[in-house]
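One structure is given here, and the rest of the page talks about it.
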Amino acid sequence: MHALRVYARLLVAGVRRQSSYPLATLAGLVANATFGLLKTGILLAAVGSAGGTLAGYDVGTMSAYVWLSQGLLGSVNLWGGSDMMQRIRSGDVAIDFLRPVDVQGAAIATDVGKGLFALLPRGLPSVLIGVLAVGVTMPATPGPYVLGVFSVLVGITVSHALVYLLAVTGFWLVETRGVTVLYMSVSGLFAGLFTPVWLFPDWLRTAAEATPFPSMMMYPIDVLTGRVTGADAVGVVGVQLAWLAGVLLLGHVLTRAGRRTLEVQGG
Amino acid sequence: MIIETTGLTREFRVRDGLRRRTVRAVDDLSLAVEAGESVGYIGANGAGKSTTIKMLVGILVPTAGEVRTCGLRPVRDRRDLARRIGVVFGQRSQLWWDLPVRESFEILATIHGLPAGEARARTAELVELLEMDDFLATPVRQVSLGQRMRAEIAAALLHRPDLLILDEPTIGLDVLSKQRLREFLVAERREHGTTLLLTTHDMGDIERLCDRVLVVDHGRLAYDGTLDGLARTVGAQRVLVVDLATPADDLTGIPDATHVRSEGGGLRQHLAFDAESTTAARVLAAVSESAEVRDLSIEEPEIEDVVRRLYAASR
Ligand SMILES: Nc1ncnc2c1ncn2[C@@H]1O[C@H](COP(=O)(O)OP(=O)(O)OP(=O)(O)O)[C@@H](O)[C@H]1O
Ligand SMILES: [Mg+2]
């Protein structure tokens, strides 16, 4: 109970921190929209040349995919860097260990808070642009939205839990740029940022499904747009939760081990 | 015992050109501090002060030896210990950089599970005593160093810890800020009986705040006792600097004081004296008999100087 209140407070702190940088948020939105229009052009052309449906997408549902994925871009961490990575590098993580709170939980709660805040100034406007400028097809029943919002929440959390793993490699690696670049080179593709994972050739789709990346973006969009429904949708969220549990557990183990190797220099 | 170490040792492997070598930052250190004491932990740069503190609070795993803080094992019982100690590293911040100062206090109060009423009362108390009203709403990244330091100390004391550990809390502060901070710490200790362990390079901090001094040198305990005793052991001298109204010959005949040097053709003169055998006032009185003093200052012995003398004396 106490722990939950602490995480909730840190989540709010994340929201507040993000909201103190309105210009950066605006710049993010502009980039989102530009990139979204580009994606719309390419993917709707692909749907058109496939004769109106492509891998189950028509113009309306493909447009919904495009603008939801753009909307999530500010909330899901696809680039791999984090405050925690900086803090381990600088040694400030020592301060985190001086608090009566789980360091991993605290870091992820704060980052999820930042991600949730970004839904307002970046997520909603992106979707709105899609609705107004292009038109999207969304489910007419409430079910997909309820489960979809939860799925989005889990997706955002998976991404920050995964990025936390990259950060804690810093306990052993002097330079974490390598892992960040590696992450960045597969995260966007496998999360379904550029095209839906369902457009991939079989082998590539199978590879993507063997990673936690689709849980960050592709699956939440599938649930939210009603591409998967009912028991299937619950199953997809189950897969997300399983990835979340696995990634959190690994992060927990690495944090414990890493703490013993920590050698903070200076004051 | 609130702090107890036996044979505490910490080594680092460092790269030295192509070869690797081992640096022993803390070497077989055994010390004990009782609850309620106020201890200055001093030594030259690289002596091992910060490394010791990091082991006391559980950030750093010892290479060998035992350490108990508040009766707990710091690494294993980190979260329990965190509830009972407050720590400030002068060169790192525990505040949330991009949020207003007030919000850091709120977050910390939640983390420590303080009831809302108690959190509000304690924050108000600290805000008043540390005069933080002016910058409570300012983001931490925009406050001055002196303001931040006050906020750091408040953050460390919010949960009323039994033990307060300060690693160079006055670094970079001006004279007035130092003075205010010291007065606050004295009052806080009087009020709550908080145990204090403090590292500093400023002798003034030790003089005004600490009953007991530990000197560490090359990771080993070189002295444990009172500050007076330390001054007696090493014969550390204070220096009275006087600015005279008119240039005068070197003031060599002052009882219990020795003339160190003169500047500006005798306008400014430095007189060293032993705090054991005389006082600044007596030296000043003697100077005033032979010259008109316009201004004066007293230079405390440098900690580095004390340690160097101690080291020389022990050989
Ligand atoms: N993480 C580390 N890796 C390698 N060597 C280290 C590390 N931390 C400390 N040392 C070395 O250990 C010794 C003691 O350092 P420490 O920071 O404890 O000194 P200090 O007494 O706090 O000095 P200062 O007054 O400069 O703060 C130094 O020689 C330092 O270079
Ligand atoms: Mg130090």
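Just so we're on the same page: first chain in the structure tokens is A, next is B, and so on; residues restart at 1 for each chain, and ligands are numbered from 1 in the order they show up.
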Dump the neighbourhood of ligand 2 as an mmCIF file with N, CA, C and O atoms, in the first residue's frame: all residues within 7 Å, distances computed on only C-alpha atoms and all ligand atoms.
data_model
loop_
_atom_site.group_PDB
_atom_site.id
_atom_site.type_symbol
_atom_site.label_atom_id
_atom_site.label_comp_id
_atom_site.auth_asym_id
_atom_site.auth_seq_id
_atom_site.Cartn_x
_atom_site.Cartn_y
_atom_site.Cartn_z
ATOM 1 N N GLY A 266 34.250 10.202 -6.223
ATOM 2 C CA GLY A 266 34.038 11.580 -5.757
ATOM 3 C C GLY A 266 32.989 11.698 -4.679
ATOM 4 O O GLY A 266 32.502 10.713 -4.152
ATOM 5 N N GLY A 267 32.625 12.991 -4.376
ATOM 6 C CA GLY A 267 31.721 13.314 -3.263
ATOM 7 C C GLY A 267 30.420 12.612 -3.425
ATOM 8 O O GLY A 267 29.410 12.987 -3.670
ATOM 9 N N ASN B 45 42.758 15.704 0.502
ATOM 10 C CA ASN B 45 42.081 15.178 -0.675
ATOM 11 C C ASN B 45 42.548 13.752 -0.939
ATOM 12 O O ASN B 45 43.731 13.453 -0.901
ATOM 13 N N GLY B 46 41.608 12.874 -1.187
ATOM 14 C CA GLY B 46 41.955 11.496 -1.508
ATOM 15 C C GLY B 46 42.317 10.657 -0.304
ATOM 16 O O GLY B 46 42.786 9.524 -0.440
ATOM 17 N N LYS B 49 37.852 9.797 2.886
ATOM 18 C CA LYS B 49 36.671 10.205 3.640
ATOM 19 C C LYS B 49 35.376 9.791 2.948
ATOM 20 O O LYS B 49 34.522 9.123 3.538
ATOM 21 N N SER B 50 35.254 10.182 1.686
ATOM 22 C CA SER B 50 34.011 9.877 0.982
ATOM 23 C C SER B 50 33.820 8.372 0.826
ATOM 24 O O SER B 50 32.707 7.858 0.931
ATOM 25 N N ASP B 167 28.783 15.226 3.639
ATOM 26 C CA ASP B 167 30.086 15.162 2.984
ATOM 27 C C ASP B 167 30.326 16.503 2.291
ATOM 28 O O ASP B 167 29.770 16.771 1.239
#
Looking only at strand (DSSP E or B) from DSSP on the backbone, list the matching residues of stretch 191-262 of chain B as a PyMOL selection string.
-> chain B and resi 195-199+212-217+220-225+238-244+257-262
Please, which residues of stretch 99-254 of chain B, numbered as in this document, come out helix (DSSP H, G or I) from DSSP, as a ChimeraX atom specification?
-> /B:101-111,116-129,133-135,140-142,145-157,175-192,203-209,227-234
How would you write, as a list of chain:residue names, the set of residues no farther than 7 Å from ligand 1 when counting only C-alpha atoms and all ligand atoms?
->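 Checked against 7 Å with only C-alpha atoms and all ligand atoms; the hits are A:Glu263, A:Val264, A:Gln265, A:Gly266, A:Gly267, B:Phe12, B:Arg13, B:Val14, B:Val23, B:Arg24, B:Ala25, B:Gly43, B:Ala44, B:Asn45, B:Gly46, B:Ala47, B:Gly48, B:Lys49, B:Ser50, B:Thr51, B:Thr52.
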Mind listing as a ChimeraX atom specification which residues of chain A are within 9 Å of chain B, counting only C-alpha atoms?
-> /A:2-3,5-7,9-10,13,16-18,20,91-92,94-102,259-267
Work out how far apart atom CA of B:Val293 and atom CA of B:Val175 are and give it in Å to one decimal.
-> 22.9 Å
Would you list the contacts of A:Val158 as a JSON list (two decimals) with N, CA and C atoms, in the first residue's frame, taking every protein, DNA or RNA residue within 8 Å and counting only C-alpha atoms, but skipping same-chain residues closer than 2 positions in sequence?
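That gives us around_11.json:
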[["chain", "number", "residue", "atom", "x", "y", "z"],
["A", 154, "VAL", "N", 0.05, -0.77, -20.38],
["A", 154, "VAL", "CA", 1.03, -1.85, -20.23],
["A", 154, "VAL", "C", 2.15, -1.67, -21.26],
["A", 155, "GLY", "N", 1.78, -1.30, -22.48],
["A", 155, "GLY", "CA", 2.78, -1.11, -23.53],
["A", 155, "GLY", "C", 3.80, -0.05, -23.15],
["A", 156, "ILE", "N", 3.31, 1.07, -22.64],
["A", 156, "ILE", "CA", 4.22, 2.15, -22.23],
["A", 156, "ILE", "C", 5.15, 1.65, -21.12],
["A", 160, "HIS", "N", 9.40, 1.23, -20.93],
["A", 160, "HIS", "CA", 10.29, 1.86, -19.94],
["A", 160, "HIS", "C", 11.01, 0.82, -19.08],
["A", 161, "ALA", "N", 10.37, -0.31, -18.87],
["A", 161, "ALA", "CA", 11.04, -1.40, -18.14],
["A", 161, "ALA", "C", 12.20, -1.95, -18.97],
["A", 162, "LEU", "N", 11.99, -1.98, -20.28],
["A", 162, "LEU", "CA", 13.03, -2.50, -21.17],
["A", 162, "LEU", "C", 14.20, -1.52, -21.25],
["A", 212, "PRO", "N", 9.95, -8.51, -27.04],
["A", 212, "PRO", "CA", 8.92, -7.74, -26.33],
["A", 212, "PRO", "C", 8.47, -6.50, -27.11],
["A", 215, "SER", "N", 4.81, -5.71, -28.00],
["A", 215, "SER", "CA", 4.00, -5.42, -26.81],
["A", 215, "SER", "C", 3.96, -3.94, -26.48],
["A", 216, "MET", "N", 4.94, -3.20, -26.98],
["A", 216, "MET", "CA", 5.04, -1.78, -26.64],
["A", 216, "MET", "C", 4.07, -0.93, -27.46],
["A", 240, "GLN", "N", 1.45, -9.35, -23.34],
["A", 240, "GLN", "CA", 2.10, -8.11, -22.89],
["A", 240, "GLN", "C", 2.51, -8.20, -21.42],
["A", 243, "TRP", "N", 5.46, -10.44, -20.85],
["A", 243, "TRP", "CA", 6.72, -9.76, -21.18],
["A", 243, "TRP", "C", 7.10, -8.77, -20.09],
["A", 244, "LEU", "N", 6.09, -8.03, -19.62],
["A", 244, "LEU", "CA", 6.36, -7.04, -18.57],
["A", 244, "LEU", "C", 6.95, -7.72, -17.34],
["A", 247, "VAL", "N", 10.58, -8.87, -18.04],
["A", 247, "VAL", "CA", 11.54, -7.76, -18.13],
["A", 247, "VAL", "C", 11.77, -7.14, -16.74]]
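Shortest atom-to-atom contact with A:Ala106 among A:Ala167, A:Val146, A:Met138, A:Leu11: A:Leu11, counting only C-alpha atoms.
The space between atom CA of B:Asp249 and atom CA of B:Glu302 spans 27.6 Å.
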Residue contacts of B:Ser277 (12 Å, only C-alpha atoms) excluding same-chain residues fewer than 6 positions away, as a PyMOL selection string = chain B and resi 228+231-232+235-238+255-257+283
Show which residues sit within 9 Å of A:Tyr219, as number ranges by chain. Count only C-alpha atoms, and ignore same-chain residues fewer than 2 positions away.
-> A: 151-152, 155, 191-192, 214-217, 221-224, 228, 233, 236-237, 240
Residue subset to file, keeping all heavy atoms, as a compact mmCIF listing (two decimals), in the first residue's frame:
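Written out: part03.txt:
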# COMPACT_ATOMS: atom_id res chain seq x y z
N SER A 151 -4.17 -1.77 -22.31
CA SER A 151 -3.09 -2.32 -23.14
C SER A 151 -2.04 -1.25 -23.46
O SER A 151 -0.83 -1.53 -23.46
CB SER A 151 -3.70 -2.90 -24.42
OG SER A 151 -2.70 -3.39 -25.25
N VAL A 152 -2.51 -0.04 -23.74
CA VAL A 152 -1.58 1.06 -24.00
C VAL A 152 -0.72 1.32 -22.77
O VAL A 152 0.51 1.49 -22.84
CB VAL A 152 -2.36 2.35 -24.38
CG1 VAL A 152 -1.47 3.58 -24.29
CG2 VAL A 152 -2.92 2.21 -25.79
N GLY A 155 1.78 -1.30 -22.48
CA GLY A 155 2.78 -1.11 -23.53
C GLY A 155 3.80 -0.05 -23.15
O GLY A 155 5.01 -0.25 -23.31
N ALA A 191 8.47 -2.90 -33.04
CA ALA A 191 7.32 -2.38 -32.29
C ALA A 191 6.18 -2.07 -33.25
O ALA A 191 5.04 -1.91 -32.82
CB ALA A 191 7.71 -1.13 -31.51
N GLY A 192 6.51 -1.98 -34.54
CA GLY A 192 5.48 -1.66 -35.52
C GLY A 192 5.32 -0.16 -35.72
O GLY A 192 4.23 0.32 -35.97
N PRO A 214 6.74 -5.77 -29.98
CA PRO A 214 5.34 -5.56 -30.39
C PRO A 214 4.43 -5.24 -29.20
O PRO A 214 3.40 -4.57 -29.36
CB PRO A 214 4.94 -6.90 -31.02
CG PRO A 214 6.23 -7.52 -31.46
CD PRO A 214 7.24 -7.09 -30.43
N SER A 215 4.81 -5.71 -28.00
CA SER A 215 4.00 -5.42 -26.81
C SER A 215 3.96 -3.94 -26.48
O SER A 215 3.09 -3.47 -25.76
CB SER A 215 4.55 -6.19 -25.60
OG SER A 215 4.32 -7.57 -25.76
N MET A 216 4.94 -3.20 -26.98
CA MET A 216 5.04 -1.78 -26.64
C MET A 216 4.07 -0.93 -27.46
O MET A 216 3.58 0.09 -26.99
CB MET A 216 6.47 -1.28 -26.88
CG MET A 216 7.47 -1.95 -25.96
SD MET A 216 9.23 -1.79 -26.35
CE MET A 216 9.36 -0.33 -27.30
N MET A 217 3.81 -1.33 -28.71
CA MET A 217 3.04 -0.46 -29.59
C MET A 217 2.06 -1.22 -30.48
O MET A 217 0.87 -0.89 -30.54
CB MET A 217 4.02 0.33 -30.46
CG MET A 217 3.43 1.48 -31.21
SD MET A 217 4.69 2.34 -32.15
CE MET A 217 4.88 3.82 -31.23
N ILE A 221 -2.18 -1.14 -30.18
CA ILE A 221 -2.95 -0.57 -31.30
C ILE A 221 -3.95 -1.60 -31.83
O ILE A 221 -5.10 -1.26 -32.12
CB ILE A 221 -2.00 -0.09 -32.42
CG1 ILE A 221 -1.18 1.09 -31.91
CG2 ILE A 221 -2.79 0.30 -33.66
CD1 ILE A 221 -0.11 1.56 -32.87
N ASP A 222 -3.51 -2.87 -31.90
CA ASP A 222 -4.43 -3.92 -32.36
C ASP A 222 -5.66 -3.99 -31.46
O ASP A 222 -6.78 -4.14 -31.93
CB ASP A 222 -3.72 -5.29 -32.35
CG ASP A 222 -2.72 -5.42 -33.50
OD1 ASP A 222 -2.73 -4.55 -34.41
OD2 ASP A 222 -1.93 -6.38 -33.50
N VAL A 223 -5.42 -3.92 -30.15
CA VAL A 223 -6.54 -4.03 -29.20
C VAL A 223 -7.43 -2.79 -29.30
O VAL A 223 -8.66 -2.89 -29.37
CB VAL A 223 -6.01 -4.19 -27.75
CG1 VAL A 223 -7.17 -4.16 -26.75
CG2 VAL A 223 -5.23 -5.49 -27.61
N LEU A 224 -6.80 -1.63 -29.37
CA LEU A 224 -7.55 -0.37 -29.37
C LEU A 224 -8.38 -0.21 -30.65
O LEU A 224 -9.49 0.34 -30.62
CB LEU A 224 -6.55 0.78 -29.24
CG LEU A 224 -7.03 2.13 -28.70
CD1 LEU A 224 -7.74 1.98 -27.38
CD2 LEU A 224 -5.84 3.07 -28.55
N VAL A 228 -7.96 -7.10 -32.97
CA VAL A 228 -8.22 -8.33 -32.19
C VAL A 228 -9.30 -7.98 -31.16
O VAL A 228 -9.31 -6.88 -30.60
CB VAL A 228 -6.97 -8.86 -31.45
CG1 VAL A 228 -6.00 -9.49 -32.42
CG2 VAL A 228 -6.32 -7.76 -30.64
N ALA A 233 -8.17 -10.70 -27.77
CA ALA A 233 -7.63 -9.45 -27.26
C ALA A 233 -7.08 -9.64 -25.84
O ALA A 233 -6.01 -9.15 -25.50
CB ALA A 233 -8.71 -8.36 -27.28
N VAL A 236 -3.81 -11.28 -26.04
CA VAL A 236 -2.74 -10.36 -26.44
C VAL A 236 -2.25 -9.55 -25.24
O VAL A 236 -1.05 -9.38 -25.02
CB VAL A 236 -3.23 -9.42 -27.57
CG1 VAL A 236 -2.30 -8.22 -27.72
CG2 VAL A 236 -3.32 -10.18 -28.88
N VAL A 237 -3.20 -9.07 -24.44
CA VAL A 237 -2.82 -8.32 -23.24
C VAL A 237 -2.06 -9.24 -22.27
O VAL A 237 -1.10 -8.81 -21.62
CB VAL A 237 -4.05 -7.69 -22.56
CG1 VAL A 237 -3.67 -7.02 -21.25
CG2 VAL A 237 -4.69 -6.66 -23.49
N GLN A 240 1.45 -9.35 -23.34
CA GLN A 240 2.10 -8.11 -22.89
C GLN A 240 2.51 -8.20 -21.42
O GLN A 240 3.62 -7.84 -21.05
CB GLN A 240 1.14 -6.92 -23.02
CG GLN A 240 0.91 -6.39 -24.41
CD GLN A 240 0.03 -5.16 -24.31
OE1 GLN A 240 -1.18 -5.27 -24.07
NE2 GLN A 240 0.62 -3.99 -24.46
Atom CA of A:Val76 to atom CA of A:Pro142: how many Å, to one decimal?
->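 That distance, rounded to one decimal, is 24.0 Å.
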Which residue, B:Ala245, B:Leu284, B:Met203, B:Leu8, has the smallest gap to B:Pro301 when you use only C-alpha atoms?
->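 Counting only C-alpha atoms, the residue closest to B:Pro301 is B:Met203.
Proximity ranking of B:Val33, B:Arg282, B:Ala137, B:Gly146 relative to B:Leu176 places B:Gly146 first, based on only C-alpha atoms.
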Using only C-alpha atoms, the residue out of B:Ala281, B:Val239, B:Ile298, B:Met55 with shortest distance to B:Arg261 is B:Val239
Nearest to B:Thr9 among B:Ile206, B:Val186, B:Val287, B:Leu221, with distances taken over only C-alpha atoms: which residue is it?
-> B:Leu221
Which one of A:Gly230, A:Ala64, A:Ala140, A:Phe150 sits closest to A:Lys39 if you count only C-alpha atoms?
->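 Closest to A:Lys39 of all the choices is A:Ala64.
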